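Trainee: Data file work-v2.pdb (PDB, N, CA and C atoms) is appended below.
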MODEL        1
ATOM      1  N   MET A 212     -21.417 -38.810 -41.039  1.00  0.00           N
ATOM      2  CA  MET A 212     -21.873 -38.290 -39.762  1.00  0.00           C
ATOM      3  C   MET A 212     -23.394 -38.149 -39.794  1.00  0.00           C
ATOM      4  N   LYS A 213     -24.050 -38.509 -38.693  1.00  0.00           N
ATOM      5  CA  LYS A 213     -25.502 -38.447 -38.598  1.00  0.00           C
ATOM      6  C   LYS A 213     -25.992 -37.007 -38.485  1.00  0.00           C
ATOM      7  N   THR A 214     -27.148 -36.751 -39.060  1.00  0.00           N
ATOM      8  CA  THR A 214     -27.816 -35.469 -38.887  1.00  0.00           C
ATOM      9  C   THR A 214     -28.350 -35.405 -37.465  1.00  0.00           C
ATOM     10  N   LYS A 215     -28.113 -34.266 -36.794  1.00  0.00           N
ATOM     11  CA  LYS A 215     -28.553 -34.089 -35.415  1.00  0.00           C
ATOM     12  C   LYS A 215     -29.840 -33.268 -35.374  1.00  0.00           C
ATOM     13  N   LEU A 216     -30.847 -33.809 -34.681  1.00  0.00           N
ATOM     14  CA  LEU A 216     -32.137 -33.151 -34.535  1.00  0.00           C
ATOM     15  C   LEU A 216     -32.431 -32.886 -33.067  1.00  0.00           C
ATOM     16  N   VAL A 217     -33.120 -31.785 -32.807  1.00  0.00           N
ATOM     17  CA  VAL A 217     -33.628 -31.498 -31.468  1.00  0.00           C
ATOM     18  C   VAL A 217     -35.149 -31.463 -31.569  1.00  0.00           C
ATOM     19  N   ILE A 218     -35.797 -32.209 -30.698  1.00  0.00           N
ATOM     20  CA  ILE A 218     -37.255 -32.189 -30.598  1.00  0.00           C
ATOM     21  C   ILE A 218     -37.608 -31.472 -29.303  1.00  0.00           C
ATOM     22  N   ILE A 219     -38.410 -30.416 -29.418  1.00  0.00           N
ATOM     23  CA  ILE A 219     -38.903 -29.706 -28.250  1.00  0.00           C
ATOM     24  C   ILE A 219     -40.422 -29.826 -28.275  1.00  0.00           C
ATOM     25  N   GLU A 220     -40.928 -30.682 -27.416  1.00  0.00           N
ATOM     26  CA  GLU A 220     -42.361 -30.985 -27.341  1.00  0.00           C
ATOM     27  C   GLU A 220     -42.678 -31.319 -25.896  1.00  0.00           C
ATOM     28  N   ASP A 221     -43.651 -30.606 -25.297  1.00  0.00           N
ATOM     29  CA  ASP A 221     -43.955 -30.829 -23.884  1.00  0.00           C
ATOM     30  C   ASP A 221     -44.825 -32.057 -23.640  1.00  0.00           C
ATOM     31  N   ASP A 222     -45.474 -32.580 -24.654  1.00  0.00           N
ATOM     32  CA  ASP A 222     -46.219 -33.836 -24.514  1.00  0.00           C
ATOM     33  C   ASP A 222     -45.198 -34.972 -24.565  1.00  0.00           C
ATOM     34  N   ARG A 223     -44.940 -35.565 -23.430  1.00  0.00           N
ATOM     35  CA  ARG A 223     -43.842 -36.530 -23.316  1.00  0.00           C
ATOM     36  C   ARG A 223     -44.029 -37.762 -24.197  1.00  0.00           C
ATOM     37  N   LEU A 224     -45.256 -38.250 -24.326  1.00  0.00           N
ATOM     38  CA  LEU A 224     -45.480 -39.419 -25.179  1.00  0.00           C
ATOM     39  C   LEU A 224     -45.249 -39.094 -26.651  1.00  0.00           C
ATOM     40  N   TYR A 225     -45.729 -37.937 -27.088  1.00  0.00           N
ATOM     41  CA  TYR A 225     -45.517 -37.516 -28.473  1.00  0.00           C
ATOM     42  C   TYR A 225     -44.028 -37.289 -28.734  1.00  0.00           C
ATOM     43  N   ASN A 226     -43.352 -36.670 -27.774  1.00  0.00           N
ATOM     44  CA  ASN A 226     -41.914 -36.432 -27.874  1.00  0.00           C
ATOM     45  C   ASN A 226     -41.178 -37.760 -28.038  1.00  0.00           C
ATOM     46  N   GLN A 227     -41.536 -38.725 -27.209  1.00  0.00           N
ATOM     47  CA  GLN A 227     -40.886 -40.031 -27.258  1.00  0.00           C
ATOM     48  C   GLN A 227     -41.170 -40.746 -28.587  1.00  0.00           C
ATOM     49  N   ALA A 228     -42.412 -40.673 -29.065  1.00  0.00           N
ATOM     50  CA  ALA A 228     -42.765 -41.323 -30.330  1.00  0.00           C
ATOM     51  C   ALA A 228     -41.974 -40.732 -31.491  1.00  0.00           C
ATOM     52  N   LEU A 229     -41.878 -39.409 -31.535  1.00  0.00           N
ATOM     53  CA  LEU A 229     -41.083 -38.752 -32.583  1.00  0.00           C
ATOM     54  C   LEU A 229     -39.620 -39.171 -32.490  1.00  0.00           C
ATOM     55  N   SER A 230     -39.090 -39.170 -31.289  1.00  0.00           N
ATOM     56  CA  SER A 230     -37.699 -39.524 -31.077  1.00  0.00           C
ATOM     57  C   SER A 230     -37.401 -40.945 -31.559  1.00  0.00           C
ATOM     58  N   ILE A 231     -38.231 -41.885 -31.168  1.00  0.00           N
ATOM     59  CA  ILE A 231     -38.027 -43.280 -31.565  1.00  0.00           C
ATOM     60  C   ILE A 231     -38.090 -43.425 -33.078  1.00  0.00           C
ATOM     61  N   SER A 232     -39.087 -42.800 -33.688  1.00  0.00           N
ATOM     62  CA  SER A 232     -39.242 -42.887 -35.149  1.00  0.00           C
ATOM     63  C   SER A 232     -38.038 -42.310 -35.883  1.00  0.00           C
ATOM     64  N   LEU A 233     -37.571 -41.160 -35.437  1.00  0.00           N
ATOM     65  CA  LEU A 233     -36.449 -40.508 -36.107  1.00  0.00           C
ATOM     66  C   LEU A 233     -35.132 -41.249 -35.862  1.00  0.00           C
ATOM     67  N   GLU A 234     -34.949 -41.795 -34.685  1.00  0.00           N
ATOM     68  CA  GLU A 234     -33.745 -42.584 -34.420  1.00  0.00           C
ATOM     69  C   GLU A 234     -33.707 -43.833 -35.298  1.00  0.00           C
ATOM     70  N   LYS A 235     -34.864 -44.443 -35.523  1.00  0.00           N
ATOM     71  CA  LYS A 235     -34.934 -45.620 -36.406  1.00  0.00           C
ATOM     72  C   LYS A 235     -34.553 -45.268 -37.839  1.00  0.00           C
ATOM     73  N   GLU A 236     -34.753 -44.004 -38.215  1.00  0.00           N
ATOM     74  CA  GLU A 236     -34.389 -43.541 -39.557  1.00  0.00           C
ATOM     75  C   GLU A 236     -32.926 -43.115 -39.637  1.00  0.00           C
ATOM     76  N   GLY A 237     -32.205 -43.210 -38.515  1.00  0.00           N
ATOM     77  CA  GLY A 237     -30.777 -42.947 -38.528  1.00  0.00           C
ATOM     78  C   GLY A 237     -30.337 -41.578 -38.035  1.00  0.00           C
ATOM     79  N   TYR A 238     -31.261 -40.807 -37.476  1.00  0.00           N
ATOM     80  CA  TYR A 238     -30.910 -39.484 -36.964  1.00  0.00           C
ATOM     81  C   TYR A 238     -30.404 -39.578 -35.531  1.00  0.00           C
ATOM     82  N   ASP A 239     -29.557 -38.629 -35.158  1.00  0.00           N
ATOM     83  CA  ASP A 239     -29.127 -38.429 -33.781  1.00  0.00           C
ATOM     84  C   ASP A 239     -30.146 -37.469 -33.171  1.00  0.00           C
ATOM     85  N   VAL A 240     -30.887 -37.889 -32.149  1.00  0.00           N
ATOM     86  CA  VAL A 240     -31.996 -37.092 -31.630  1.00  0.00           C
ATOM     87  C   VAL A 240     -31.734 -36.690 -30.187  1.00  0.00           C
ATOM     88  N   PHE A 241     -31.976 -35.413 -29.898  1.00  0.00           N
ATOM     89  CA  PHE A 241     -31.912 -34.869 -28.545  1.00  0.00           C
ATOM     90  C   PHE A 241     -33.287 -34.303 -28.232  1.00  0.00           C
ATOM     91  N   CYS A 242     -33.780 -34.567 -27.036  1.00  0.00           N
ATOM     92  CA  CYS A 242     -35.136 -34.158 -26.684  1.00  0.00           C
ATOM     93  C   CYS A 242     -35.153 -33.147 -25.552  1.00  0.00           C
ATOM     94  N   GLY A 243     -36.140 -32.263 -25.611  1.00  0.00           N
ATOM     95  CA  GLY A 243     -36.399 -31.310 -24.551  1.00  0.00           C
ATOM     96  C   GLY A 243     -37.889 -31.066 -24.466  1.00  0.00           C
ATOM     97  N   PHE A 244     -38.299 -30.408 -23.392  1.00  0.00           N
ATOM     98  CA  PHE A 244     -39.718 -30.241 -23.120  1.00  0.00           C
ATOM     99  C   PHE A 244     -40.123 -28.787 -22.871  1.00  0.00           C
ATOM    100  N   SER A 245     -39.179 -27.847 -23.016  1.00  0.00           N
ATOM    101  CA  SER A 245     -39.463 -26.444 -22.701  1.00  0.00           C
ATOM    102  C   SER A 245     -38.575 -25.519 -23.538  1.00  0.00           C
ATOM    103  N   CYS A 246     -38.898 -24.238 -23.470  1.00  0.00           N
ATOM    104  CA  CYS A 246     -38.074 -23.224 -24.150  1.00  0.00           C
ATOM    105  C   CYS A 246     -36.657 -23.236 -23.590  1.00  0.00           C
ATOM    106  N   ASN A 247     -36.549 -23.358 -22.294  1.00  0.00           N
ATOM    107  CA  ASN A 247     -35.238 -23.391 -21.658  1.00  0.00           C
ATOM    108  C   ASN A 247     -34.415 -24.584 -22.149  1.00  0.00           C
ATOM    109  N   ASP A 248     -35.055 -25.749 -22.267  1.00  0.00           N
ATOM    110  CA  ASP A 248     -34.356 -26.928 -22.800  1.00  0.00           C
ATOM    111  C   ASP A 248     -33.847 -26.660 -24.212  1.00  0.00           C
ATOM    112  N   ALA A 249     -34.684 -26.014 -25.036  1.00  0.00           N
ATOM    113  CA  ALA A 249     -34.292 -25.720 -26.419  1.00  0.00           C
ATOM    114  C   ALA A 249     -33.037 -24.857 -26.450  1.00  0.00           C
ATOM    115  N   LYS A 250     -32.998 -23.847 -25.615  1.00  0.00           N
ATOM    116  CA  LYS A 250     -31.843 -22.953 -25.573  1.00  0.00           C
ATOM    117  C   LYS A 250     -30.593 -23.682 -25.087  1.00  0.00           C
ATOM    118  N   ASN A 251     -30.760 -24.576 -24.128  1.00  0.00           N
ATOM    119  CA  ASN A 251     -29.619 -25.339 -23.618  1.00  0.00           C
ATOM    120  C   ASN A 251     -29.090 -26.336 -24.648  1.00  0.00           C
ATOM    121  N   LEU A 252     -29.960 -26.848 -25.508  1.00  0.00           N
ATOM    122  CA  LEU A 252     -29.538 -27.842 -26.500  1.00  0.00           C
ATOM    123  C   LEU A 252     -28.817 -27.226 -27.702  1.00  0.00           C
ATOM    124  N   ILE A 253     -28.725 -25.915 -27.766  1.00  0.00           N
ATOM    125  CA  ILE A 253     -27.940 -25.264 -28.821  1.00  0.00           C
ATOM    126  C   ILE A 253     -26.500 -25.754 -28.765  1.00  0.00           C
ATOM    127  N   ALA A 254     -26.024 -26.073 -27.571  1.00  0.00           N
ATOM    128  CA  ALA A 254     -24.647 -26.552 -27.383  1.00  0.00           C
ATOM    129  C   ALA A 254     -24.379 -27.868 -28.122  1.00  0.00           C
ATOM    130  N   LYS A 255     -25.424 -28.609 -28.471  1.00  0.00           N
ATOM    131  CA  LYS A 255     -25.264 -29.870 -29.217  1.00  0.00           C
ATOM    132  C   LYS A 255     -25.048 -29.625 -30.711  1.00  0.00           C
ATOM    133  N   HIS A 256     -25.182 -28.380 -31.156  1.00  0.00           N
ATOM    134  CA  HIS A 256     -25.022 -27.977 -32.555  1.00  0.00           C
ATOM    135  C   HIS A 256     -25.904 -28.800 -33.501  1.00  0.00           C
ATOM    136  N   PRO A 257     -27.224 -28.798 -33.240  1.00  0.00           N
ATOM    137  CA  PRO A 257     -28.116 -29.578 -34.096  1.00  0.00           C
ATOM    138  C   PRO A 257     -28.245 -28.963 -35.489  1.00  0.00           C
ATOM    139  N   ASP A 258     -28.611 -29.813 -36.439  1.00  0.00           N
ATOM    140  CA  ASP A 258     -28.868 -29.360 -37.802  1.00  0.00           C
ATOM    141  C   ASP A 258     -30.300 -28.872 -37.964  1.00  0.00           C
ATOM    142  N   LEU A 259     -31.202 -29.391 -37.135  1.00  0.00           N
ATOM    143  CA  LEU A 259     -32.624 -29.085 -37.276  1.00  0.00           C
ATOM    144  C   LEU A 259     -33.312 -29.143 -35.924  1.00  0.00           C
ATOM    145  N   TYR A 260     -34.240 -28.220 -35.698  1.00  0.00           N
ATOM    146  CA  TYR A 260     -35.100 -28.233 -34.521  1.00  0.00           C
ATOM    147  C   TYR A 260     -36.525 -28.538 -34.966  1.00  0.00           C
ATOM    148  N   ILE A 261     -37.213 -29.346 -34.190  1.00  0.00           N
ATOM    149  CA  ILE A 261     -38.652 -29.548 -34.337  1.00  0.00           C
ATOM    150  C   ILE A 261     -39.255 -28.959 -33.070  1.00  0.00           C
ATOM    151  N   LEU A 262     -39.982 -27.844 -33.232  1.00  0.00           N
ATOM    152  CA  LEU A 262     -40.468 -27.084 -32.078  1.00  0.00           C
ATOM    153  C   LEU A 262     -41.987 -27.092 -31.976  1.00  0.00           C
ATOM    154  N   ASP A 263     -42.468 -27.325 -30.774  1.00  0.00           N
ATOM    155  CA  ASP A 263     -43.873 -27.129 -30.452  1.00  0.00           C
ATOM    156  C   ASP A 263     -44.076 -25.620 -30.291  1.00  0.00           C
ATOM    157  N   ILE A 264     -45.216 -25.121 -30.704  1.00  0.00           N
ATOM    158  CA  ILE A 264     -45.465 -23.678 -30.560  1.00  0.00           C
ATOM    159  C   ILE A 264     -45.877 -23.339 -29.130  1.00  0.00           C
ATOM    160  N   GLY A 265     -46.725 -24.168 -28.518  1.00  0.00           N
ATOM    161  CA  GLY A 265     -47.188 -23.902 -27.158  1.00  0.00           C
ATOM    162  C   GLY A 265     -46.404 -24.698 -26.140  1.00  0.00           C
ATOM    163  N   LEU A 266     -45.481 -24.038 -25.472  1.00  0.00           N
ATOM    164  CA  LEU A 266     -44.643 -24.695 -24.465  1.00  0.00           C
ATOM    165  C   LEU A 266     -44.955 -24.125 -23.083  1.00  0.00           C
ATOM    166  N   PRO A 267     -44.680 -24.873 -22.027  1.00  0.00           N
ATOM    167  CA  PRO A 267     -45.066 -24.415 -20.685  1.00  0.00           C
ATOM    168  C   PRO A 267     -44.385 -23.126 -20.216  1.00  0.00           C
ATOM    169  N   ASP A 268     -43.203 -22.811 -20.739  1.00  0.00           N
ATOM    170  CA  ASP A 268     -42.485 -21.619 -20.284  1.00  0.00           C
ATOM    171  C   ASP A 268     -42.333 -20.564 -21.373  1.00  0.00           C
ATOM    172  N   GLY A 269     -43.145 -20.611 -22.403  1.00  0.00           N
ATOM    173  CA  GLY A 269     -43.091 -19.627 -23.479  1.00  0.00           C
ATOM    174  C   GLY A 269     -43.622 -20.209 -24.761  1.00  0.00           C
ATOM    175  N   ASP A 270     -43.359 -19.520 -25.872  1.00  0.00           N
ATOM    176  CA  ASP A 270     -43.845 -20.054 -27.145  1.00  0.00           C
ATOM    177  C   ASP A 270     -42.692 -20.411 -28.069  1.00  0.00           C
ATOM    178  N   GLY A 271     -42.919 -21.421 -28.897  1.00  0.00           N
ATOM    179  CA  GLY A 271     -41.903 -21.932 -29.801  1.00  0.00           C
ATOM    180  C   GLY A 271     -41.446 -20.924 -30.839  1.00  0.00           C
ATOM    181  N   ILE A 272     -42.299 -19.974 -31.185  1.00  0.00           N
ATOM    182  CA  ILE A 272     -41.918 -18.960 -32.177  1.00  0.00           C
ATOM    183  C   ILE A 272     -40.810 -18.072 -31.621  1.00  0.00           C
ATOM    184  N   GLY A 273     -40.930 -17.692 -30.361  1.00  0.00           N
ATOM    185  CA  GLY A 273     -39.874 -16.908 -29.711  1.00  0.00           C
ATOM    186  C   GLY A 273     -38.577 -17.693 -29.618  1.00  0.00           C
ATOM    187  N   VAL A 274     -38.690 -18.978 -29.325  1.00  0.00           N
ATOM    188  CA  VAL A 274     -37.510 -19.839 -29.270  1.00  0.00           C
ATOM    189  C   VAL A 274     -36.867 -19.924 -30.655  1.00  0.00           C
ATOM    190  N   CYS A 275     -37.692 -20.050 -31.678  1.00  0.00           N
ATOM    191  CA  CYS A 275     -37.172 -20.115 -33.048  1.00  0.00           C
ATOM    192  C   CYS A 275     -36.380 -18.849 -33.383  1.00  0.00           C
ATOM    193  N   ARG A 276     -36.911 -17.704 -33.022  1.00  0.00           N
ATOM    194  CA  ARG A 276     -36.195 -16.439 -33.258  1.00  0.00           C
ATOM    195  C   ARG A 276     -34.852 -16.415 -32.514  1.00  0.00           C
ATOM    196  N   TYR A 277     -34.875 -16.885 -31.285  1.00  0.00           N
ATOM    197  CA  TYR A 277     -33.651 -16.928 -30.486  1.00  0.00           C
ATOM    198  C   TYR A 277     -32.620 -17.848 -31.140  1.00  0.00           C
ATOM    199  N   ILE A 278     -33.055 -19.025 -31.539  1.00  0.00           N
ATOM    200  CA  ILE A 278     -32.144 -20.005 -32.164  1.00  0.00           C
ATOM    201  C   ILE A 278     -31.565 -19.441 -33.454  1.00  0.00           C
ATOM    202  N   ARG A 279     -32.399 -18.838 -34.274  1.00  0.00           N
ATOM    203  CA  ARG A 279     -31.931 -18.288 -35.555  1.00  0.00           C
ATOM    204  C   ARG A 279     -30.912 -17.169 -35.350  1.00  0.00           C
ATOM    205  N   GLY A 280     -30.983 -16.494 -34.198  1.00  0.00           N
ATOM    206  CA  GLY A 280     -30.023 -15.438 -33.912  1.00  0.00           C
ATOM    207  C   GLY A 280     -28.706 -15.938 -33.358  1.00  0.00           C
ATOM    208  N   THR A 281     -28.664 -17.202 -32.929  1.00  0.00           N
ATOM    209  CA  THR A 281     -27.453 -17.731 -32.296  1.00  0.00           C
ATOM    210  C   THR A 281     -26.899 -18.970 -32.965  1.00  0.00           C
ATOM    211  N   SER A 282     -27.591 -19.492 -33.973  1.00  0.00           N
ATOM    212  CA  SER A 282     -27.228 -20.783 -34.540  1.00  0.00           C
ATOM    213  C   SER A 282     -27.503 -20.809 -36.037  1.00  0.00           C
ATOM    214  N   ASP A 283     -26.893 -21.752 -36.734  1.00  0.00           N
ATOM    215  CA  ASP A 283     -27.159 -21.945 -38.159  1.00  0.00           C
ATOM    216  C   ASP A 283     -28.223 -23.011 -38.410  1.00  0.00           C
ATOM    217  N   ALA A 284     -28.808 -23.531 -37.333  1.00  0.00           N
ATOM    218  CA  ALA A 284     -29.832 -24.581 -37.469  1.00  0.00           C
ATOM    219  C   ALA A 284     -31.071 -24.028 -38.141  1.00  0.00           C
TER     220      ALA A 284
ENDMDL
END
Can I see the file as structure tokens?
Mentor:
Amino acid sequence: MKTKLVIIEDDRLYNQALSISLEKEGYDVFCGFSCNDAKNLIAKHPDLYILDIGLPDGDGIGVCRYIRGTSDA
């Protein structure tokens, strides 16, 4: 089974570049662009999150705390 990753990055080109690179390495990648997207992607049960710290609707550190309280990622 593939490792599932979530990328949360509001710079769409950077997000896309990371996604393409990681998919080529064999990962299952889900992308989001905001704190809200990160919280919604918990339902995908990812193994790892890659979070931007400065997001348009909050900060990645707060999202990280939220994820750690609700997930094993």
Trainee: From the DSSP assignment of the backbone, select every residue of chain A that is strand (DSSP E), and format the answer as a PyMOL selection string.
Mentor: chain A and resi 215-219+239-243+259-262+265-266+269-270
Trainee: Tell me which of A:Glu234, A:Leu262, A:Lys250, A:Asp268 sits closest to Ser282 (chain A), counting only C-alpha atoms.
Mentor: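 Of A:Glu234, A:Leu262, A:Lys250, A:Asp268, the one nearest Ser282 (chain A) is A:Lys250, counting only C-alpha atoms.
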Trainee: Selection in question (the file shown): the PyMOL selection byres (((chain A and resi 255 and name CA) around 10) and name CA). Which residues does it include, as a PDB file with N, CA and C atoms, in the frame of the given file?
Mentor:
ATOM      1  N   LYS A 215     -28.113 -34.266 -36.794  1.00  0.00           N
ATOM      2  CA  LYS A 215     -28.553 -34.089 -35.415  1.00  0.00           C
ATOM      3  C   LYS A 215     -29.840 -33.268 -35.374  1.00  0.00           C
ATOM      4  N   LEU A 216     -30.847 -33.809 -34.681  1.00  0.00           N
ATOM      5  CA  LEU A 216     -32.137 -33.151 -34.535  1.00  0.00           C
ATOM      6  C   LEU A 216     -32.431 -32.886 -33.067  1.00  0.00           C
ATOM      7  N   VAL A 217     -33.120 -31.785 -32.807  1.00  0.00           N
ATOM      8  CA  VAL A 217     -33.628 -31.498 -31.468  1.00  0.00           C
ATOM      9  C   VAL A 217     -35.149 -31.463 -31.569  1.00  0.00           C
ATOM     10  N   PHE A 241     -31.976 -35.413 -29.898  1.00  0.00           N
ATOM     11  CA  PHE A 241     -31.912 -34.869 -28.545  1.00  0.00           C
ATOM     12  C   PHE A 241     -33.287 -34.303 -28.232  1.00  0.00           C
ATOM     13  N   ASN A 251     -30.760 -24.576 -24.128  1.00  0.00           N
ATOM     14  CA  ASN A 251     -29.619 -25.339 -23.618  1.00  0.00           C
ATOM     15  C   ASN A 251     -29.090 -26.336 -24.648  1.00  0.00           C
ATOM     16  N   LEU A 252     -29.960 -26.848 -25.508  1.00  0.00           N
ATOM     17  CA  LEU A 252     -29.538 -27.842 -26.500  1.00  0.00           C
ATOM     18  C   LEU A 252     -28.817 -27.226 -27.702  1.00  0.00           C
ATOM     19  N   ILE A 253     -28.725 -25.915 -27.766  1.00  0.00           N
ATOM     20  CA  ILE A 253     -27.940 -25.264 -28.821  1.00  0.00           C
ATOM     21  C   ILE A 253     -26.500 -25.754 -28.765  1.00  0.00           C
ATOM     22  N   ALA A 254     -26.024 -26.073 -27.571  1.00  0.00           N
ATOM     23  CA  ALA A 254     -24.647 -26.552 -27.383  1.00  0.00           C
ATOM     24  C   ALA A 254     -24.379 -27.868 -28.122  1.00  0.00           C
ATOM     25  N   HIS A 256     -25.182 -28.380 -31.156  1.00  0.00           N
ATOM     26  CA  HIS A 256     -25.022 -27.977 -32.555  1.00  0.00           C
ATOM     27  C   HIS A 256     -25.904 -28.800 -33.501  1.00  0.00           C
ATOM     28  N   PRO A 257     -27.224 -28.798 -33.240  1.00  0.00           N
ATOM     29  CA  PRO A 257     -28.116 -29.578 -34.096  1.00  0.00           C
ATOM     30  C   PRO A 257     -28.245 -28.963 -35.489  1.00  0.00           C
ATOM     31  N   ASP A 258     -28.611 -29.813 -36.439  1.00  0.00           N
ATOM     32  CA  ASP A 258     -28.868 -29.360 -37.802  1.00  0.00           C
ATOM     33  C   ASP A 258     -30.300 -28.872 -37.964  1.00  0.00           C
TER      34      ASP A 258
END
Trainee: For CA of Lys213 (chain A) and atom N of Ala249 (chain A), determine how far apart the two atoms are, in Å to one decimal place.
Mentor: 20.6 Å
Trainee: Apply the PyMOL selection byres ((chain A and resi 219-221) around 7) to the displayed file and report the matching residues as a list of chain:residue names.
Mentor: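 Output from the PyMOL selection byres ((chain A and resi 219-221) around 7), applied to this file: A:Val217, A:Ile218, A:Asp222, A:Arg223, A:Leu224, A:Tyr225, A:Asn226, A:Phe241, A:Cys242, A:Gly243, A:Phe244, A:Ser245, A:Ala249, A:Tyr260, A:Ile261, A:Leu262, A:Asp263, A:Gly265, A:Leu266, A:Pro267.
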Trainee: May I ask for the distance between CA of Gln227 (chain A) and atom C of Met212 (chain A), given in Å to one decimal place?
Mentor: 21.6 Å
Trainee: DSSP on the backbone: what in region 229-274 of chain A comes out alpha helix (DSSP H), as a list in words?
Mentor: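 Answer for region 229-274 of chain A restricted to alpha helix (DSSP H) is Leu229, Ser230, Ile231, Ser232, Leu233, Glu234, Lys235, Cys246, Asn247, Asp248, Ala249, Lys250, Asn251, Gly271, Ile272, Gly273 and Val274 of chain A.
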Trainee: For the residues in the current selection, export N, CA and C atoms as an mmCIF file, in the coordinates of the input.
Mentor:
data_model
loop_
_atom_site.group_PDB
_atom_site.id
_atom_site.type_symbol
_atom_site.label_atom_id
_atom_site.label_comp_id
_atom_site.auth_asym_id
_atom_site.auth_seq_id
_atom_site.Cartn_x
_atom_site.Cartn_y
_atom_site.Cartn_z
ATOM 1 N N LEU A 229 -41.878 -39.409 -31.535
ATOM 2 C CA LEU A 229 -41.083 -38.752 -32.583
ATOM 3 C C LEU A 229 -39.620 -39.171 -32.490
ATOM 4 N N SER A 230 -39.090 -39.170 -31.289
ATOM 5 C CA SER A 230 -37.699 -39.524 -31.077
ATOM 6 C C SER A 230 -37.401 -40.945 -31.559
ATOM 7 N N ILE A 231 -38.231 -41.885 -31.168
ATOM 8 C CA ILE A 231 -38.027 -43.280 -31.565
ATOM 9 C C ILE A 231 -38.090 -43.425 -33.078
ATOM 10 N N SER A 232 -39.087 -42.800 -33.688
ATOM 11 C CA SER A 232 -39.242 -42.887 -35.149
ATOM 12 C C SER A 232 -38.038 -42.310 -35.883
ATOM 13 N N LEU A 233 -37.571 -41.160 -35.437
ATOM 14 C CA LEU A 233 -36.449 -40.508 -36.107
ATOM 15 C C LEU A 233 -35.132 -41.249 -35.862
ATOM 16 N N GLU A 234 -34.949 -41.795 -34.685
ATOM 17 C CA GLU A 234 -33.745 -42.584 -34.420
ATOM 18 C C GLU A 234 -33.707 -43.833 -35.298
ATOM 19 N N LYS A 235 -34.864 -44.443 -35.523
ATOM 20 C CA LYS A 235 -34.934 -45.620 -36.406
ATOM 21 C C LYS A 235 -34.553 -45.268 -37.839
ATOM 22 N N CYS A 246 -38.898 -24.238 -23.470
ATOM 23 C CA CYS A 246 -38.074 -23.224 -24.150
ATOM 24 C C CYS A 246 -36.657 -23.236 -23.590
ATOM 25 N N ASN A 247 -36.549 -23.358 -22.294
ATOM 26 C CA ASN A 247 -35.238 -23.391 -21.658
ATOM 27 C C ASN A 247 -34.415 -24.584 -22.149
ATOM 28 N N ASP A 248 -35.055 -25.749 -22.267
ATOM 29 C CA ASP A 248 -34.356 -26.928 -22.800
ATOM 30 C C ASP A 248 -33.847 -26.660 -24.212
ATOM 31 N N ALA A 249 -34.684 -26.014 -25.036
ATOM 32 C CA ALA A 249 -34.292 -25.720 -26.419
ATOM 33 C C ALA A 249 -33.037 -24.857 -26.450
ATOM 34 N N LYS A 250 -32.998 -23.847 -25.615
ATOM 35 C CA LYS A 250 -31.843 -22.953 -25.573
ATOM 36 C C LYS A 250 -30.593 -23.682 -25.087
ATOM 37 N N ASN A 251 -30.760 -24.576 -24.128
ATOM 38 C CA ASN A 251 -29.619 -25.339 -23.618
ATOM 39 C C ASN A 251 -29.090 -26.336 -24.648
ATOM 40 N N GLY A 271 -42.919 -21.421 -28.897
ATOM 41 C CA GLY A 271 -41.903 -21.932 -29.801
ATOM 42 C C GLY A 271 -41.446 -20.924 -30.839
ATOM 43 N N ILE A 272 -42.299 -19.974 -31.185
ATOM 44 C CA ILE A 272 -41.918 -18.960 -32.177
ATOM 45 C C ILE A 272 -40.810 -18.072 -31.621
ATOM 46 N N GLY A 273 -40.930 -17.692 -30.361
ATOM 47 C CA GLY A 273 -39.874 -16.908 -29.711
ATOM 48 C C GLY A 273 -38.577 -17.693 -29.618
ATOM 49 N N VAL A 274 -38.690 -18.978 -29.325
ATOM 50 C CA VAL A 274 -37.510 -19.839 -29.270
ATOM 51 C C VAL A 274 -36.867 -19.924 -30.655
#
Trainee: So what do you get for CA of Gly273 (chain A) versus CA of Cys246 (chain A), distance-wise?
Mentor: 8.6 Å
